[in-house]
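J.: Dropping a structure here in C-alpha coordinates format, bear with me for questions.
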Amino acid sequence: MPNLKDLKNRIESVKNTRKITKAMQMVAAAKLRRAQDAAEEGRPYTARMNAVLGGLAASVGGSDSAPKLLAGSGSDQVHLLIVMTGERGLCGGFNSSIVRMARAKAQELTVAGKTVKMITVGKKGRDQLKREYGDVMVNHVDLTGIKRIGYANAHEIARDVLGRFDDGEFDVATIFYNTFVNVAVQDPTEQQIIPASFETTDDDAGTVYDYEPGEDEILKDLLPRGVATQIFSALLENGASEQGARMSAMDNATRNAGEMIDKLTIEFNRSRQAIITNELIEIISGAEAL
Amino acid sequence: MADTMQFDLVSPERSLASLQATEVMLPGAEGDMTVLPDHAPVITTLRPGVVKVSGPEGEADFVVTGGFVEITSEGVSVLAEQAHAGNEVKKADLESAYTFAREQAEKASDEDKSAAEKLVADFAQLLEDME
(Lines give C-alpha, C1' and ligand atoms only; values in the text may rest on other atoms or scores of the structure.)
Protein backbone atom coordinates (compact mmCIF):
# COMPACT_ATOMS: atom_id res chain seq x y z
CA MET A 1 0.00 0.00 0.00
CA PRO A 2 1.46 3.36 -0.97
CA ASN A 3 2.38 5.59 1.86
CA LEU A 4 -0.12 8.41 2.33
CA LYS A 5 2.57 10.98 2.96
CA ASP A 6 4.41 10.01 -0.24
CA LEU A 7 1.24 10.35 -2.25
CA LYS A 8 0.56 13.73 -0.76
CA ASN A 9 4.05 14.90 -1.65
CA ARG A 10 3.63 13.64 -5.19
CA ILE A 11 0.38 15.54 -5.62
CA GLU A 12 2.00 18.69 -4.27
CA SER A 13 4.93 18.40 -6.66
CA VAL A 14 2.74 17.78 -9.70
CA LYS A 15 0.66 20.79 -8.69
CA ASN A 16 3.80 22.91 -8.61
CA THR A 17 4.81 21.63 -12.03
CA ARG A 18 1.39 22.53 -13.35
CA LYS A 19 1.80 26.05 -12.04
CA ILE A 20 5.11 26.39 -13.86
CA THR A 21 3.86 25.03 -17.18
CA LYS A 22 0.76 27.19 -16.93
CA ALA A 23 2.91 30.27 -16.39
CA MET A 24 5.18 29.33 -19.27
CA GLN A 25 2.19 28.89 -21.52
CA MET A 26 0.91 32.34 -20.68
CA VAL A 27 4.31 33.92 -21.21
CA ALA A 28 4.58 32.14 -24.56
CA ALA A 29 1.13 33.37 -25.54
CA ALA A 30 2.10 36.96 -24.84
CA LYS A 31 5.38 36.58 -26.69
CA LEU A 32 3.63 34.87 -29.56
CA ARG A 33 1.39 37.86 -30.06
CA ARG A 34 4.38 40.14 -30.21
CA ALA A 35 6.25 37.83 -32.56
CA GLN A 36 3.24 37.55 -34.82
CA ASP A 37 2.89 41.31 -34.94
CA ALA A 38 6.54 41.62 -35.87
CA ALA A 39 6.16 39.05 -38.63
CA GLU A 40 3.06 40.87 -39.86
CA GLU A 41 4.79 44.24 -39.93
CA GLY A 42 7.69 42.91 -41.92
CA ARG A 43 5.54 41.35 -44.59
CA PRO A 44 4.92 44.38 -46.86
CA TYR A 45 8.64 45.00 -47.20
CA THR A 46 9.41 41.38 -47.99
CA ALA A 47 6.58 41.10 -50.49
CA ARG A 48 7.55 44.29 -52.30
CA MET A 49 11.21 43.34 -52.28
CA ASN A 50 10.49 39.92 -53.75
CA ALA A 51 8.19 41.35 -56.39
CA VAL A 52 10.78 43.84 -57.58
CA LEU A 53 13.60 41.33 -57.45
CA GLY A 54 11.48 38.75 -59.22
CA GLY A 55 10.74 41.17 -62.03
CA LEU A 56 14.37 42.16 -62.34
CA ALA A 57 15.61 38.61 -62.15
CA ALA A 58 13.24 37.56 -64.88
CA SER A 59 14.50 40.22 -67.25
CA VAL A 60 18.20 39.96 -66.47
CA GLY A 61 18.40 36.35 -65.32
CA GLY A 62 19.12 34.74 -68.67
CA SER A 63 21.97 36.98 -69.69
CA ASP A 64 25.62 36.22 -69.05
CA SER A 65 26.09 39.40 -67.10
CA ALA A 66 23.76 38.20 -64.35
CA PRO A 67 25.41 38.59 -60.94
CA LYS A 68 26.80 35.49 -59.25
CA LEU A 69 24.26 35.75 -56.45
CA LEU A 70 21.53 35.11 -58.98
CA ALA A 71 23.20 32.84 -61.49
CA GLY A 72 25.25 30.85 -58.99
CA SER A 73 28.97 30.31 -59.00
CA GLY A 74 28.76 27.74 -61.77
CA SER A 75 29.03 24.70 -59.55
CA ASP A 76 27.10 23.11 -56.72
CA GLN A 77 29.84 21.24 -54.96
CA VAL A 78 29.85 22.96 -51.60
CA HIS A 79 26.56 23.44 -49.79
CA LEU A 80 26.07 25.74 -46.84
CA LEU A 81 23.19 24.86 -44.56
CA ILE A 82 21.97 27.61 -42.29
CA VAL A 83 20.02 25.94 -39.52
CA MET A 84 17.79 28.23 -37.51
CA THR A 85 16.49 26.92 -34.22
CA GLY A 86 15.48 28.36 -30.89
CA GLU A 87 17.69 29.33 -28.00
CA ARG A 88 15.59 27.42 -25.51
CA GLY A 89 13.98 24.05 -25.22
CA LEU A 90 10.61 23.05 -23.78
CA CYS A 91 8.81 23.81 -26.98
CA GLY A 92 7.71 20.41 -28.23
CA GLY A 93 9.16 19.20 -31.47
CA PHE A 94 10.09 22.67 -32.66
CA ASN A 95 13.86 22.35 -32.54
CA SER A 96 14.12 18.69 -33.40
CA SER A 97 11.94 18.97 -36.48
CA ILE A 98 14.28 21.55 -38.00
CA VAL A 99 17.33 19.58 -36.98
CA ARG A 100 15.87 16.40 -38.43
CA MET A 101 15.22 18.12 -41.73
CA ALA A 102 18.69 19.64 -41.87
CA ARG A 103 20.28 16.33 -40.95
CA ALA A 104 18.38 14.52 -43.70
CA LYS A 105 19.50 17.11 -46.21
CA ALA A 106 23.09 16.91 -45.05
CA GLN A 107 23.09 13.12 -45.36
CA GLU A 108 21.55 13.30 -48.80
CA LEU A 109 24.21 15.75 -49.93
CA THR A 110 27.02 13.72 -48.43
CA VAL A 111 25.77 10.61 -50.22
CA ALA A 112 25.71 12.58 -53.46
CA GLY A 113 29.37 13.41 -52.91
CA LYS A 114 28.90 17.07 -52.03
CA THR A 115 30.66 18.95 -49.30
CA VAL A 116 28.48 20.23 -46.49
CA LYS A 117 29.14 23.25 -44.32
CA MET A 118 26.89 24.54 -41.59
CA ILE A 119 26.02 27.72 -39.81
CA THR A 120 23.76 27.37 -36.83
CA VAL A 121 21.53 30.09 -35.49
CA GLY A 122 20.29 29.35 -32.01
CA LYS A 123 21.84 27.23 -29.32
CA LYS A 124 19.56 24.21 -29.53
CA GLY A 125 20.39 23.41 -33.12
CA ARG A 126 24.09 23.65 -32.45
CA ASP A 127 23.84 21.33 -29.46
CA GLN A 128 21.95 18.70 -31.42
CA LEU A 129 24.16 18.83 -34.50
CA LYS A 130 27.50 19.33 -32.82
CA ARG A 131 28.34 15.67 -32.40
CA GLU A 132 27.81 14.71 -36.03
CA TYR A 133 28.67 17.89 -37.84
CA GLY A 134 30.82 19.75 -35.35
CA ASP A 135 33.79 19.80 -37.68
CA VAL A 136 31.90 21.31 -40.62
CA MET A 137 30.30 24.10 -38.60
CA VAL A 138 31.79 27.31 -39.84
CA ASN A 139 29.95 29.71 -37.59
CA HIS A 140 27.37 29.98 -34.87
CA VAL A 141 25.08 32.93 -34.34
CA ASP A 142 24.10 33.49 -30.76
CA LEU A 143 20.81 35.28 -30.22
CA THR A 144 20.49 34.43 -26.52
CA GLY A 145 20.70 37.98 -25.30
CA ILE A 146 18.36 39.42 -27.87
CA LYS A 147 14.80 40.02 -26.79
CA ARG A 148 13.43 41.37 -30.00
CA ILE A 149 14.91 40.28 -33.29
CA GLY A 150 15.73 43.30 -35.39
CA TYR A 151 16.75 43.69 -38.99
CA ALA A 152 20.26 44.38 -37.75
CA ASN A 153 20.57 40.76 -36.58
CA ALA A 154 19.53 39.45 -39.97
CA HIS A 155 21.84 41.91 -41.64
CA GLU A 156 24.76 40.63 -39.64
CA ILE A 157 24.06 37.02 -40.57
CA ALA A 158 23.61 38.00 -44.21
CA ARG A 159 26.87 39.93 -44.16
CA ASP A 160 28.71 36.90 -42.86
CA VAL A 161 27.10 34.57 -45.41
CA LEU A 162 27.68 36.93 -48.32
CA GLY A 163 31.30 37.44 -47.27
CA ARG A 164 31.85 33.70 -47.36
CA PHE A 165 30.15 33.46 -50.73
CA ASP A 166 32.40 36.16 -52.15
CA ASP A 167 35.42 34.28 -50.84
CA GLY A 168 34.23 31.19 -52.67
CA GLU A 169 33.67 29.17 -49.52
CA PHE A 170 30.43 27.64 -50.79
CA ASP A 171 28.26 27.49 -53.90
CA VAL A 172 24.73 26.96 -52.63
CA ALA A 173 23.16 28.22 -49.41
CA THR A 174 19.96 26.90 -47.93
CA ILE A 175 18.17 28.06 -44.80
CA PHE A 176 16.13 25.82 -42.54
CA TYR A 177 13.43 27.28 -40.36
CA ASN A 178 9.86 26.73 -39.24
CA THR A 179 7.08 28.51 -41.06
CA PHE A 180 4.34 29.64 -38.74
CA VAL A 181 0.99 28.28 -39.89
CA ASN A 182 -0.94 28.54 -36.66
CA VAL A 183 -0.41 27.91 -32.97
CA ALA A 184 -0.65 24.17 -33.38
CA VAL A 185 1.09 23.78 -36.74
CA GLN A 186 4.60 24.86 -37.71
CA ASP A 187 6.02 23.74 -40.98
CA PRO A 188 9.72 22.95 -41.18
CA THR A 189 10.84 24.68 -44.35
CA GLU A 190 13.98 24.63 -46.42
CA GLN A 191 14.63 27.54 -48.70
CA GLN A 192 17.51 28.12 -51.03
CA ILE A 193 18.77 31.68 -50.77
CA ILE A 194 21.96 31.54 -52.84
CA PRO A 195 21.72 31.40 -55.81
CA ALA A 196 18.56 33.36 -55.28
CA SER A 197 15.34 31.91 -56.58
CA PHE A 198 12.17 33.91 -56.83
CA GLU A 199 8.66 32.92 -57.54
CA THR A 200 8.01 34.85 -60.67
CA THR A 201 4.61 36.40 -60.65
CA ASP A 202 3.05 37.45 -63.87
CA ASP A 203 0.69 39.86 -62.16
CA ASP A 204 2.76 42.96 -62.55
CA ALA A 205 4.02 42.14 -66.01
CA GLY A 206 1.80 44.97 -67.23
CA THR A 207 3.97 47.71 -65.77
CA VAL A 208 7.21 48.39 -67.54
CA TYR A 209 9.57 50.18 -65.25
CA ASP A 210 12.39 52.50 -66.05
CA TYR A 211 15.43 51.47 -64.08
CA GLU A 212 17.75 54.08 -62.80
CA PRO A 213 20.68 53.38 -62.87
CA GLY A 214 20.57 50.31 -65.14
CA GLU A 215 18.92 46.99 -64.37
CA ASP A 216 22.25 45.32 -63.71
CA GLU A 217 23.37 47.91 -61.19
CA ILE A 218 20.08 47.82 -59.33
CA LEU A 219 20.11 44.05 -59.26
CA LYS A 220 23.63 44.06 -57.90
CA ASP A 221 22.59 46.44 -55.19
CA LEU A 222 19.36 44.68 -54.33
CA LEU A 223 20.38 41.02 -54.29
CA PRO A 224 22.39 41.24 -51.05
CA ARG A 225 19.47 43.08 -49.51
CA GLY A 226 17.18 40.37 -50.79
CA VAL A 227 19.26 37.76 -49.00
CA ALA A 228 19.16 39.76 -45.78
CA THR A 229 15.42 40.21 -46.15
CA GLN A 230 14.87 36.49 -46.61
CA ILE A 231 16.96 35.72 -43.56
CA PHE A 232 15.08 38.34 -41.60
CA SER A 233 11.68 37.00 -42.52
CA ALA A 234 12.87 33.47 -41.71
CA LEU A 235 14.01 34.67 -38.30
CA LEU A 236 10.65 36.29 -37.65
CA GLU A 237 8.70 33.24 -38.79
CA ASN A 238 10.92 31.10 -36.63
CA GLY A 239 10.38 33.36 -33.64
CA ALA A 240 6.62 33.16 -33.98
CA SER A 241 6.78 29.40 -34.55
CA GLU A 242 8.91 28.85 -31.48
CA GLN A 243 6.45 30.66 -29.24
CA GLY A 244 3.52 28.90 -30.87
CA ALA A 245 5.16 25.51 -30.38
CA ARG A 246 6.01 26.31 -26.79
CA MET A 247 2.50 27.49 -26.12
CA SER A 248 0.89 24.29 -27.36
CA ALA A 249 3.54 22.11 -25.70
CA MET A 250 2.97 23.83 -22.38
CA ASP A 251 -0.78 23.65 -22.83
CA ASN A 252 -0.45 19.89 -23.23
CA ALA A 253 1.83 19.67 -20.23
CA THR A 254 -0.63 21.64 -18.11
CA ARG A 255 -3.45 19.36 -19.14
CA ASN A 256 -1.39 16.25 -18.46
CA ALA A 257 -0.48 17.54 -15.03
CA GLY A 258 -4.18 18.14 -14.33
CA GLU A 259 -5.06 14.57 -15.28
CA MET A 260 -2.23 13.25 -13.18
CA ILE A 261 -3.40 15.23 -10.17
CA ASP A 262 -6.91 13.82 -10.56
CA LYS A 263 -5.58 10.27 -10.73
CA LEU A 264 -3.28 10.73 -7.77
CA THR A 265 -6.05 12.33 -5.74
CA ILE A 266 -8.32 9.35 -6.33
CA GLU A 267 -5.52 7.02 -5.35
CA PHE A 268 -4.86 9.10 -2.25
CA ASN A 269 -8.52 9.02 -1.21
CA ARG A 270 -8.77 5.28 -1.81
CA SER A 271 -5.69 4.57 0.30
CA ARG A 272 -6.94 6.79 3.08
CA GLN A 273 -10.30 5.04 3.02
CA ALA A 274 -8.56 1.65 3.09
CA ILE A 275 -6.55 2.67 6.13
CA ILE A 276 -9.68 3.84 7.94
CA THR A 277 -11.48 0.61 7.09
CA ASN A 278 -8.52 -1.40 8.33
CA GLU A 279 -8.44 0.47 11.61
CA LEU A 280 -12.17 -0.04 12.08
CA ILE A 281 -11.83 -3.77 11.47
CA GLU A 282 -9.04 -3.92 14.01
CA ILE A 283 -11.11 -2.07 16.64
CA ILE A 284 -14.22 -4.16 16.03
CA SER A 285 -12.40 -7.46 16.03
CA GLY A 286 -10.54 -6.34 19.16
CA ALA A 287 -13.85 -5.53 20.87
CA GLU A 288 -15.34 -8.87 19.83
CA ALA A 289 -12.42 -10.78 21.22
CA LEU A 290 -13.08 -9.47 24.70
CA MET B 1 -4.65 64.23 -63.39
CA ALA B 2 -4.86 63.12 -59.86
CA ASP B 3 -3.93 65.71 -57.26
CA THR B 4 -2.36 63.32 -54.83
CA MET B 5 -0.67 59.96 -54.80
CA GLN B 6 -0.13 57.28 -52.24
CA PHE B 7 3.17 57.49 -50.38
CA ASP B 8 4.42 54.46 -48.46
CA LEU B 9 7.59 54.16 -46.49
CA VAL B 10 8.37 50.67 -45.26
CA SER B 11 11.37 49.26 -43.49
CA PRO B 12 11.90 45.55 -42.88
CA GLU B 13 10.69 45.92 -39.32
CA ARG B 14 7.63 48.05 -39.79
CA SER B 15 5.72 50.39 -41.99
CA LEU B 16 6.70 53.94 -41.12
CA ALA B 17 4.36 56.01 -43.18
CA SER B 18 1.41 55.62 -45.45
CA LEU B 19 -0.18 58.85 -46.52
CA GLN B 20 -1.40 60.95 -49.40
CA ALA B 21 1.20 63.18 -50.96
CA THR B 22 1.33 65.83 -53.63
CA GLU B 23 5.08 65.86 -53.96
CA VAL B 24 7.91 63.59 -52.86
CA MET B 25 11.58 64.49 -52.94
CA LEU B 26 13.91 61.51 -53.08
CA PRO B 27 17.68 61.18 -52.77
CA GLY B 28 18.06 58.97 -55.86
CA ALA B 29 21.31 57.20 -56.64
CA GLU B 30 21.73 59.32 -59.75
CA GLY B 31 20.78 62.55 -58.04
CA ASP B 32 17.86 64.04 -56.19
CA MET B 33 14.51 63.74 -57.86
CA THR B 34 11.07 65.08 -57.16
CA VAL B 35 8.08 62.94 -57.95
CA LEU B 36 4.66 64.37 -58.71
CA PRO B 37 1.46 62.38 -59.15
CA ASP B 38 1.13 60.43 -62.41
CA HIS B 39 4.82 59.83 -62.73
CA ALA B 40 6.12 57.27 -65.24
CA PRO B 41 6.97 53.94 -63.59
CA VAL B 42 10.54 53.98 -62.32
CA ILE B 43 12.58 51.86 -59.98
CA THR B 44 15.67 53.45 -58.59
CA THR B 45 18.07 52.91 -55.74
CA LEU B 46 18.53 55.49 -53.02
CA ARG B 47 21.63 56.91 -51.48
CA PRO B 48 21.70 57.94 -47.81
CA GLY B 49 19.71 61.13 -47.51
CA VAL B 50 16.44 62.76 -46.65
CA VAL B 51 13.06 61.93 -48.17
CA LYS B 52 10.75 64.93 -48.11
CA VAL B 53 7.02 64.43 -48.50
CA SER B 54 4.53 67.22 -48.92
CA GLY B 55 0.86 66.53 -48.89
CA PRO B 56 -2.48 67.96 -47.89
CA GLU B 57 -1.67 67.21 -44.26
CA GLY B 58 1.60 69.08 -44.29
CA GLU B 59 5.19 68.06 -44.76
CA ALA B 60 7.20 65.21 -43.35
CA ASP B 61 10.87 64.33 -43.45
CA PHE B 62 12.44 60.91 -43.23
CA VAL B 63 16.09 60.03 -43.04
CA VAL B 64 16.98 56.86 -44.95
CA THR B 65 20.30 55.06 -45.16
CA GLY B 66 19.68 53.51 -48.52
CA GLY B 67 17.23 51.19 -50.17
CA PHE B 68 15.14 51.58 -53.25
CA VAL B 69 11.98 53.18 -54.41
CA GLU B 70 9.25 52.00 -56.72
CA ILE B 71 7.36 54.75 -58.48
CA THR B 72 4.14 54.09 -60.35
CA SER B 73 1.46 56.42 -61.61
CA GLU B 74 -0.53 55.75 -58.44
CA GLY B 75 2.13 56.29 -55.88
CA VAL B 76 5.57 56.03 -54.46
CA SER B 77 6.79 53.23 -52.23
CA VAL B 78 10.10 53.64 -50.53
CA LEU B 79 11.72 50.48 -49.24
CA ALA B 80 14.39 51.63 -46.88
CA GLU B 81 16.73 49.38 -45.02
CA GLN B 82 16.81 51.78 -42.13
CA ALA B 83 14.53 54.78 -41.88
CA HIS B 84 13.78 57.33 -39.21
CA ALA B 85 11.32 60.17 -38.95
CA GLY B 86 13.27 63.34 -39.60
CA ASN B 87 12.53 65.02 -36.29
CA GLU B 88 13.52 62.11 -34.07
CA VAL B 89 16.61 60.81 -35.81
CA LYS B 90 19.83 60.73 -33.83
CA LYS B 91 23.29 60.62 -35.23
CA ALA B 92 23.99 57.47 -33.26
CA ASP B 93 21.27 55.69 -35.23
CA LEU B 94 23.22 56.11 -38.43
CA GLU B 95 26.63 55.46 -36.99
CA SER B 96 26.63 51.67 -37.50
CA ALA B 97 25.54 51.90 -41.13
CA TYR B 98 28.19 54.56 -41.71
CA THR B 99 30.88 52.39 -40.15
CA PHE B 100 29.84 49.46 -42.31
CA ALA B 101 29.99 51.61 -45.44
CA ARG B 102 33.50 52.72 -44.53
CA GLU B 103 34.64 49.15 -43.95
CA GLN B 104 33.20 48.13 -47.28
CA ALA B 105 34.95 50.98 -49.04
CA GLU B 106 38.28 49.94 -47.57
CA LYS B 107 38.17 46.39 -48.78
CA ALA B 108 36.27 46.98 -52.01
CA SER B 109 37.87 45.79 -55.22
CA ASP B 110 38.92 48.40 -57.77
CA GLU B 111 35.78 47.83 -59.75
CA ASP B 112 33.49 48.67 -56.83
CA LYS B 113 35.78 51.18 -55.19
CA SER B 114 34.26 54.34 -56.57
CA ALA B 115 30.71 53.26 -55.76
CA ALA B 116 31.65 52.35 -52.20
CA GLU B 117 33.53 55.59 -51.70
CA LYS B 118 30.61 57.54 -53.04
CA LEU B 119 28.40 55.87 -50.47
CA VAL B 120 30.76 56.95 -47.69
CA ALA B 121 30.79 60.49 -49.04
CA ASP B 122 26.99 60.51 -49.14
CA PHE B 123 26.88 59.40 -45.53
CA ALA B 124 29.36 62.07 -44.50
CA GLN B 125 27.28 64.67 -46.28
CA LEU B 126 24.11 63.48 -44.59
CA LEU B 127 25.69 63.55 -41.15
CA GLU B 128 27.05 67.01 -41.81
CA ASP B 129 23.66 68.27 -42.95
CA MET B 130 22.08 67.03 -39.78
CA GLU B 131 24.21 69.23 -37.58
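Each chain in the C-alpha coordinates gets a letter, A, B and so on, in the order shown; residues start at 1 in every chain, and ligands are counted from 1 in the order they appear.
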Could you find all residues in chain B that DSSP calls strand (DSSP E) from the backbone, and write them as a PyMOL selection string?

T.: chain B and resi 5-10+15-21+23-28+31-35+42-46+49-55+58-64+67-71+75-80+83-85

J.: Taking only residues of chain B that have an atom at most 12 Å from an atom of chain A, what is each one's shortest atom pair and its distance in Å to one decimal, using only C-alpha atoms, in chain and number order, as a tab-separated table?

T.:
residue	atom	partner	partner_atom	distance
B:Asp8	CA	A:Pro44	CA	10.2
B:Leu9	CA	A:Tyr45	CA	9.2
B:Val10	CA	A:Tyr45	CA	6.0
B:Ser11	CA	A:Tyr45	CA	6.3
B:Pro12	CA	A:Gly42	CA	5.1
B:Glu13	CA	A:Gly42	CA	5.0
B:Arg14	CA	A:Glu41	CA	4.7
B:Ser15	CA	A:Glu41	CA	6.5
B:Leu16	CA	A:Glu41	CA	10.0
B:Ser18	CA	A:Pro44	CA	11.9
B:Gly28	CA	A:Glu212	CA	8.5
B:Ala29	CA	A:Pro213	CA	7.3
B:Glu30	CA	A:Pro213	CA	6.8
B:Gly31	CA	A:Glu212	CA	10.2
B:Asp32	CA	A:Glu212	CA	11.9
B:Met33	CA	A:Glu212	CA	11.3
B:His39	CA	A:Tyr209	CA	11.0
B:Ala40	CA	A:Tyr209	CA	7.9
B:Pro41	CA	A:Tyr209	CA	4.9
B:Val42	CA	A:Asp210	CA	4.4
B:Ile43	CA	A:Tyr211	CA	5.0
B:Thr44	CA	A:Glu212	CA	4.7
B:Thr45	CA	A:Ile218	CA	6.6
B:Leu46	CA	A:Glu212	CA	9.9
B:Arg47	CA	A:Asp221	CA	11.1
B:Gly66	CA	A:Asp221	CA	10.1
B:Gly67	CA	A:Leu222	CA	8.0
B:Phe68	CA	A:Leu222	CA	8.2
B:Val69	CA	A:Val52	CA	9.9
B:Glu70	CA	A:Val52	CA	8.3
B:Ile71	CA	A:Tyr209	CA	8.5
B:Thr72	CA	A:Tyr209	CA	8.3
B:Ser73	CA	A:Thr207	CA	10.0
B:Glu74	CA	A:Thr207	CA	11.8
B:Ser77	CA	A:Arg48	CA	9.0
B:Val78	CA	A:Tyr45	CA	9.4
B:Leu79	CA	A:Tyr45	CA	6.6
B:Ala80	CA	A:Tyr45	CA	8.8
B:Glu81	CA	A:Arg225	CA	8.2
B:Gln82	CA	A:Tyr151	CA	8.7
B:Ala83	CA	A:Tyr151	CA	11.7
B:Asp93	CA	A:Ala152	CA	11.6
B:Ser96	CA	A:Ala152	CA	9.7
B:Ala97	CA	A:Ala152	CA	9.8
B:Phe100	CA	A:Arg159	CA	10.2
B:Gln104	CA	A:Arg159	CA	10.8
B:Lys107	CA	A:Gly163	CA	11.4
B:Ala108	CA	A:Asp166	CA	11.5
B:Ser109	CA	A:Asp166	CA	11.5
B:Asp112	CA	A:Lys220	CA	10.9
B:Ala115	CA	A:Glu217	CA	10.6
B:Ala116	CA	A:Asp221	CA	11.2

J.: Fewer than 3 positions away in the same chain doesn't count, so skip those; otherwise give me all residues within 10 Å of Gly86 of chain B, counting only C-alpha atoms, as a CSV table (one decimal) with N, CA and C atoms, in the first residue's frame.

T.:
chain,number,residue,atom,x,y,z
B,50,VAL,N,17.7,62.4,-47.3
B,50,VAL,CA,16.4,62.8,-46.6
B,50,VAL,C,15.3,62.7,-47.7
B,51,VAL,N,14.3,62.0,-47.3
B,51,VAL,CA,13.1,61.9,-48.2
B,51,VAL,C,12.1,63.0,-47.6
B,52,LYS,N,11.7,63.9,-48.5
B,52,LYS,CA,10.7,64.9,-48.1
B,52,LYS,C,9.4,64.7,-48.8
B,60,ALA,N,6.5,66.1,-44.2
B,60,ALA,CA,7.2,65.2,-43.3
B,60,ALA,C,8.6,64.9,-43.9
B,61,ASP,N,9.5,64.7,-43.0
B,61,ASP,CA,10.9,64.3,-43.4
B,61,ASP,C,11.2,63.0,-42.9
B,62,PHE,N,11.9,62.2,-43.7
B,62,PHE,CA,12.4,60.9,-43.2
B,62,PHE,C,13.9,60.8,-43.6
B,63,VAL,N,14.7,60.3,-42.7
B,63,VAL,CA,16.1,60.0,-43.0
B,63,VAL,C,16.2,58.5,-43.4
B,64,VAL,N,16.8,58.3,-44.6
B,64,VAL,CA,17.0,56.9,-44.9
B,64,VAL,C,18.5,56.6,-45.2
B,83,ALA,N,15.2,53.5,-41.7
B,83,ALA,CA,14.5,54.8,-41.9
B,83,ALA,C,14.1,55.4,-40.5
B,89,VAL,N,15.4,61.6,-35.5
B,89,VAL,CA,16.6,60.8,-35.8
B,89,VAL,C,17.8,61.3,-35.0
B,90,LYS,N,18.6,60.4,-34.6
B,90,LYS,CA,19.8,60.7,-33.8
B,90,LYS,C,21.0,60.3,-34.7
B,130,MET,N,22.9,67.2,-41.0
B,130,MET,CA,22.1,67.0,-39.8
B,130,MET,C,22.5,67.9,-38.6
